[in-house]
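Participant: Let me give you the structure first, and then I'll get to my questions.
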There are 2 protein chains.
Amino acid sequence: MTDRSYWAWGRISDEPTAADLAAAATSLSERYGRTILPVNLPSQSDLSLRTPRVKVPAHLRDITSIDDADRAVHTYGRSFPDRIRAFKADFPEPPDAVLRPETEDQIEQILEWASTNAITVYPFGGGSSVVSGFEPDTADERVISLDMERFDKVLEIDTQSRAARIQAGIYGPALERELKKHGLTMRHFPQSFEFSTLGGWIATRSGGHYATNHTHIDDFVESVRMLTPSGPWESRRLPGSGAGPSPDRLVLGSEGIFGVITEAWVRLQEPPGFRASAGVYFENYEDAWSAAREIGQAKLWPANLRMLDAVEGKNAAGMDGTKTLLVIGFESSDVPQTESLAACLKIARELGGVTDPDEIIDSETSASGAGRQGAVGRWRASFIRAPYAMNSTIPLGLIHDTFETAVTWDAWPTLDSEVRSGVQKVLDDRCGGGTISCRFTHVYPDGPAPYYTFIAPGFSGGELEIWSEIKEAASKAIIKSGGTITHHHAVGKLHRPWYDQQRPGLFEKSLRATKNVLDPAGIMNPGVLID
Amino acid sequence: MTDRSYWAWGRISDEPTAADLAAAATSLSERYGRTILPVNLPSQSDLSLRTPRVKVPAHLRDITSIDDADRAVHTYGRSFPDRIRAFKADFPEPPDAVLRPETEDQIEQILEWASTNAITVYPFGGGSSVVSGFEPDTADERVISLDMERFDKVLEIDTQSRAARIQAGIYGPALERELKKHGLTMRHFPQSFEFSTLGGWIATRSGGHYATNHTHIDDFVESVRMLTPSGPWESRRLPGSGAGPSPDRLVLGSEGIFGVITEAWVRLQEPPGFRASAGVYFENYEDAWSAAREIGQAKLWPANLRMLDAVEGKNAAGMDGTKTLLVIGFESSDVPQTESLAACLKIARELGGVTDPDEIIDSETSASGAGRQGAVGRWRASFIRAPYAMNSTIPLGLIHDTFETAVTWDAWPTLDSEVRSGVQKVLDDRCGGGTISCRFTHVYPDGPAPYYTFIAPGFSGGELEIWSEIKEAASKAIIKSGGTITHHHAVGKLHRPWYDQQRPGLFEKSLRATKNVLDPAGIMNPGVLID
């Protein structure tokens, strides 16, 4: 029923071999100066899941799977604790069944059946959540996972408006493949792109590769259709509107608590034929982020504006560990980007940034593809492989995870220092060291979206506890320093305690009131956003 | 208590004189070939308002006015029917009192008193609504207008993030004056700028002068503070977030039904030192809007991208009535805009657009201010004076009003044709002629925001009926053709019937549910958005 690995990022074919794990163990042993032994790979036969407690009605049985591996794949996302538990085949609360509807009628039937029988429904897109976005709970008496993968069509393309009506269960690569046939692209590339869906992006306010201006999926959505237990919700397709509060903005970020997103009209564009990019090196961290700030405030809207601190530069871009890297990139379907890049470089150089002429790539002047060279090219390759790389290292006890936020510039230096010291203390106390590093994934005129990575040698069996302490320290520092508990990873169950502190108290009541309207039986994705 | 005219746009000092009215009568008589006689100007002594039915408690009396002129000013906005009724001193349902709180404590006291005494509260910003956004109703037993004008301070400026915390009652000019002292500007310039407030902009999702990219106030808001009958609602100040549905987006466009916006953190910028603009003339209407579309889709993000059809070009920009004008303008605090303008002109010329070298103005090369010359300059001057000009013509029976929408490009030609024919039919049938014309105020990659103006000679006494028929025809055509009932004029009571058809039915229930949470006694601005 599924070709997805129940524990690794990707497909079964992406799982590391025993030899991969052994090699990783050797490499980690060398890096941390302690003996790390390879562990056995899990196998399908390790799975022994609870007997399904749900009897699916006859008319839905054709779209139902109760296969153990399938249910395991639908139990967790791909956060650090998810990966640890899945690797150990630890699935105490799997969904009782996985349903893969093919039509809206079937979804309506599922929601009606679930509403009248107190069955909890966890909508499932690509399964890449890192925030326990769809994890069943001990409180659920009966649970189904509603996997949208068969809603995978591009239904309609409007080439005049450059927009398309697309089913929500389509995965990133399939979506782009379909659009390419029409000479169009959506160009929303979250790191999870391969294993996430349009509906998942909308439900979680996913962040794409555009570092400035239109950063979130929010900016790509013309209208949304959602099936709720109380009936369909569909907004009018519009390029812009001022008619009351935006109905779409209530669906964007709703994380499945109101209903199942079935399709959306989204904005498209022609593929970029013009690109210009460069890496700029700074001796000084503050100069680098000041350059990012000034470029952001100049409203030149680069597609890429990523700062990598010295540790990130070393680990992910092969630099020497002393400099901060600022990656600047422009793309356009219509207009050369030479001048825009030059304007950015002027700003960056005034702040002490240094460029290597070989690393300034412009489709107007360079023969090869832009931005594939040097540190920038290396960073790009490692970015795409990052989720896979962890398949070999996490099972060996390496504590390796990321978290992210956004904060205004005035509060940023304090947030950065509080986050680093809070996390470093746990790493030092519990792991005898380890690193925390930072990059900017997105930059707004009024503040950055910093993205932190921590890596430390843990010890098998203790990883989850140490990880929780780190997560607690990081989240506390973020909320205390004025950041958001998430810029694009969503809230899920993981971020709830801090989300509760962040949002207006009355907004929580408002969400509950809306929940009562749309999902009166309270069957949809309980535990995220609200109780 | 007020220097505002109770019937004219602006202050008492902006009211036309008897000589102005006589001159306008002569001019209209000539234009329409029928005798239009001047009418008498209203005077303060014409006002005779219903005795206030509310007894304001002693602790609020210092901030209360029951003055007739003051209450009249707070009865209507400045739509066509508002102006007609106000000119006739026709105020059957004025607020019983106008309260001007100076502190949040006072607002809380007002809301508590109103909640427990079934007194309806109409929040009042600048009073420039054209959609009956705050008009008391016969159903209201007792009514107060809550005028926010004393919340007029810039409280805090963060020059690092280029943002400020500003009280919601501040008017546009005062806001910009204060920011200028710090070398900063907000640059949100709706046509109502002089007589509208930050809180009003947020409550109505106001549209500013930026024609592309960040078109609405929505894009300028970092966080909002609102006092509701159930307590304060305050979002965290953030440059971006993905933590659940955006709480701010529920306040943006809420039109006062949830509470009173008291302050907001908004994004600022440095004043533009670089400008480049041009007017491009097209023989063919379709070529002109196609150029707007292609420029919008090229994502060059001009600050100005306004198309004026031949009638608008004649009436507002002094053109010969045969050509369509596309006004293109760029502005930047940091970077010359020469290249961006050149890229737009290339697109426009490929579609047959013609430019006059004297009308291409660039701060890099021209001595004088950019874009003040030729048809573009004339259009700009008439744009700013438009609301004032109607002070003299509307009282004389000239039916003159505007409405606006937004629609995707695929649906735009049909919408345009349906709107024009629907409105023209009423003008022909009821006025023996008249014109309907169109411009684009904003352009999105996926569609334009068309703004229509109709002008016809009416007859004194029949204007409101004819106007209603036009409004009905226009709104019907918009909704039928896939447009939004409003792009930036808000919903109010005026657009309710069509807004009800436009929004998802379940969203209405969701708004009501939130209303019950935030305003359980239902005292806040009833009749707009929901019942």
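The way I read the labels, and the way they are meant: chains A, B, ... in the order of the structure tokens, residue 1 as the first residue of every chain, and ligand 1 as the first ligand shown, with later ones counted on from there.
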Excluding Ala276 in chain B and its own-chain neighbours fewer than 4 positions away, which residues fall within 8 Å of it when counting only C-alpha atoms? Please give them as an NGL selection string.

Facilitator: :B and (329-331 or 337-338 or 341 or 360-363 or 370-371)

Participant: Distance cut-off 6 Å, counting only C-alpha atoms - which residues of chain B neighbour chain A? Return them as a count of residues only.

Facilitator: 34

Participant: Find the spatial neighbours of range 381-390 of chain B, counting only C-alpha atoms, within a cut-off of 8 Å - ignore same-chain residues fewer than 5 positions away - and output them as a PyMOL selection string.

Facilitator: chain B and resi 8-10+14+191+316-317+400

Participant: Mind dumping the selected residues with N, CA and C atoms as a compact mmCIF listing (two decimals), in the first residue's frame?

Facilitator:
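Saved to result.txt:
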# COMPACT_ATOMS: atom_id res chain seq x y z
N ALA B 8 -20.20 68.31 3.35
CA ALA B 8 -19.20 68.35 2.28
C ALA B 8 -18.00 67.48 2.64
N TRP B 9 -17.24 67.09 1.64
CA TRP B 9 -15.95 66.43 1.90
C TRP B 9 -15.03 67.46 2.52
N GLY B 10 -14.49 67.14 3.70
CA GLY B 10 -13.51 68.02 4.30
C GLY B 10 -14.05 68.83 5.47
N ASP B 14 -13.89 73.97 3.79
CA ASP B 14 -13.83 73.41 2.42
C ASP B 14 -15.19 73.46 1.72
N GLN B 191 -7.10 57.33 -1.27
CA GLN B 191 -7.60 58.64 -1.74
C GLN B 191 -8.18 59.44 -0.57
N ALA B 316 -10.09 63.09 -16.64
CA ALA B 316 -9.20 63.27 -15.49
C ALA B 316 -7.79 63.63 -15.88
N ALA B 317 -7.42 63.44 -17.15
CA ALA B 317 -6.03 63.70 -17.51
C ALA B 317 -5.91 64.61 -18.73
N HIS B 400 -22.88 61.19 -9.67
CA HIS B 400 -21.43 61.04 -9.86
C HIS B 400 -20.90 60.18 -8.72

Participant: Would you compute the distance between CA of Lys153 in chain B and CA of Ile170 in chain B? Give it in Å to one decimal.

Facilitator: 6.6 Å

Participant: DSSP on the backbone, then: every residue of range 343-424 of chain A marked alpha helix (DSSP H), written as a PDB file with C-alpha atoms, in the first residue's frame.

Facilitator:
ATOM      1  CA  ALA A 343      22.579  47.008  -6.059  1.00  0.00           C
ATOM      2  CA  CYS A 344      22.719  44.291  -3.378  1.00  0.00           C
ATOM      3  CA  LEU A 345      26.441  43.800  -3.748  1.00  0.00           C
ATOM      4  CA  LYS A 346      26.972  47.525  -3.353  1.00  0.00           C
ATOM      5  CA  ILE A 347      25.147  47.429  -0.035  1.00  0.00           C
ATOM      6  CA  ALA A 348      27.007  44.303   1.076  1.00  0.00           C
ATOM      7  CA  ARG A 349      30.424  45.663   0.171  1.00  0.00           C
ATOM      8  CA  GLU A 350      29.815  48.891   2.030  1.00  0.00           C
ATOM      9  CA  GLY A 374      31.697  27.585  -4.821  1.00  0.00           C
ATOM     10  CA  ALA A 375      30.323  27.775  -1.305  1.00  0.00           C
ATOM     11  CA  VAL A 376      26.898  28.726  -2.632  1.00  0.00           C
ATOM     12  CA  GLY A 377      26.698  25.628  -4.804  1.00  0.00           C
ATOM     13  CA  ARG A 378      27.884  23.401  -1.982  1.00  0.00           C
ATOM     14  CA  TRP A 379      25.362  24.872   0.411  1.00  0.00           C
ATOM     15  CA  ARG A 380      22.558  24.274  -2.088  1.00  0.00           C
ATOM     16  CA  ALA A 381      23.472  20.610  -2.545  1.00  0.00           C
ATOM     17  CA  SER A 382      23.697  19.987   1.185  1.00  0.00           C
ATOM     18  CA  PHE A 383      20.372  21.780   1.780  1.00  0.00           C
ATOM     19  CA  ILE A 384      18.542  19.379  -0.520  1.00  0.00           C
ATOM     20  CA  ARG A 385      20.214  16.265   0.933  1.00  0.00           C
ATOM     21  CA  ALA A 386      19.891  17.310   4.591  1.00  0.00           C
ATOM     22  CA  PRO A 387      16.748  15.330   5.484  1.00  0.00           C
ATOM     23  CA  TYR A 388      18.202  12.198   3.878  1.00  0.00           C
ATOM     24  CA  ALA A 389      21.588  12.566   5.558  1.00  0.00           C
ATOM     25  CA  MET A 390      19.918  12.312   8.952  1.00  0.00           C
ATOM     26  CA  ASN A 391      18.634   8.817   8.083  1.00  0.00           C
ATOM     27  CA  SER A 392      22.066   7.430   8.925  1.00  0.00           C
ATOM     28  CA  THR A 393      23.125   9.662  11.798  1.00  0.00           C
ATOM     29  CA  TRP A 412      17.060  39.921  16.889  1.00  0.00           C
ATOM     30  CA  PRO A 413      20.517  40.266  18.522  1.00  0.00           C
ATOM     31  CA  THR A 414      19.104  39.453  21.964  1.00  0.00           C
ATOM     32  CA  LEU A 415      17.052  36.568  20.632  1.00  0.00           C
ATOM     33  CA  ASP A 416      20.081  35.155  18.868  1.00  0.00           C
ATOM     34  CA  SER A 417      22.230  35.392  21.959  1.00  0.00           C
ATOM     35  CA  GLU A 418      19.551  33.965  24.277  1.00  0.00           C
ATOM     36  CA  VAL A 419      18.796  31.061  21.947  1.00  0.00           C
ATOM     37  CA  ARG A 420      22.453  30.205  21.481  1.00  0.00           C
ATOM     38  CA  SER A 421      23.326  30.362  25.166  1.00  0.00           C
ATOM     39  CA  GLY A 422      20.188  28.480  26.209  1.00  0.00           C
ATOM     40  CA  VAL A 423      20.794  25.646  23.758  1.00  0.00           C
ATOM     41  CA  GLN A 424      24.566  25.558  24.212  1.00  0.00           C
TER      42      GLN A 424
END

Participant: Quote the spacing between CA of Ala89 in chain A and CA of Phe195 in chain A in Å to one decimal place.

Facilitator: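 The value is 20.8 Å.
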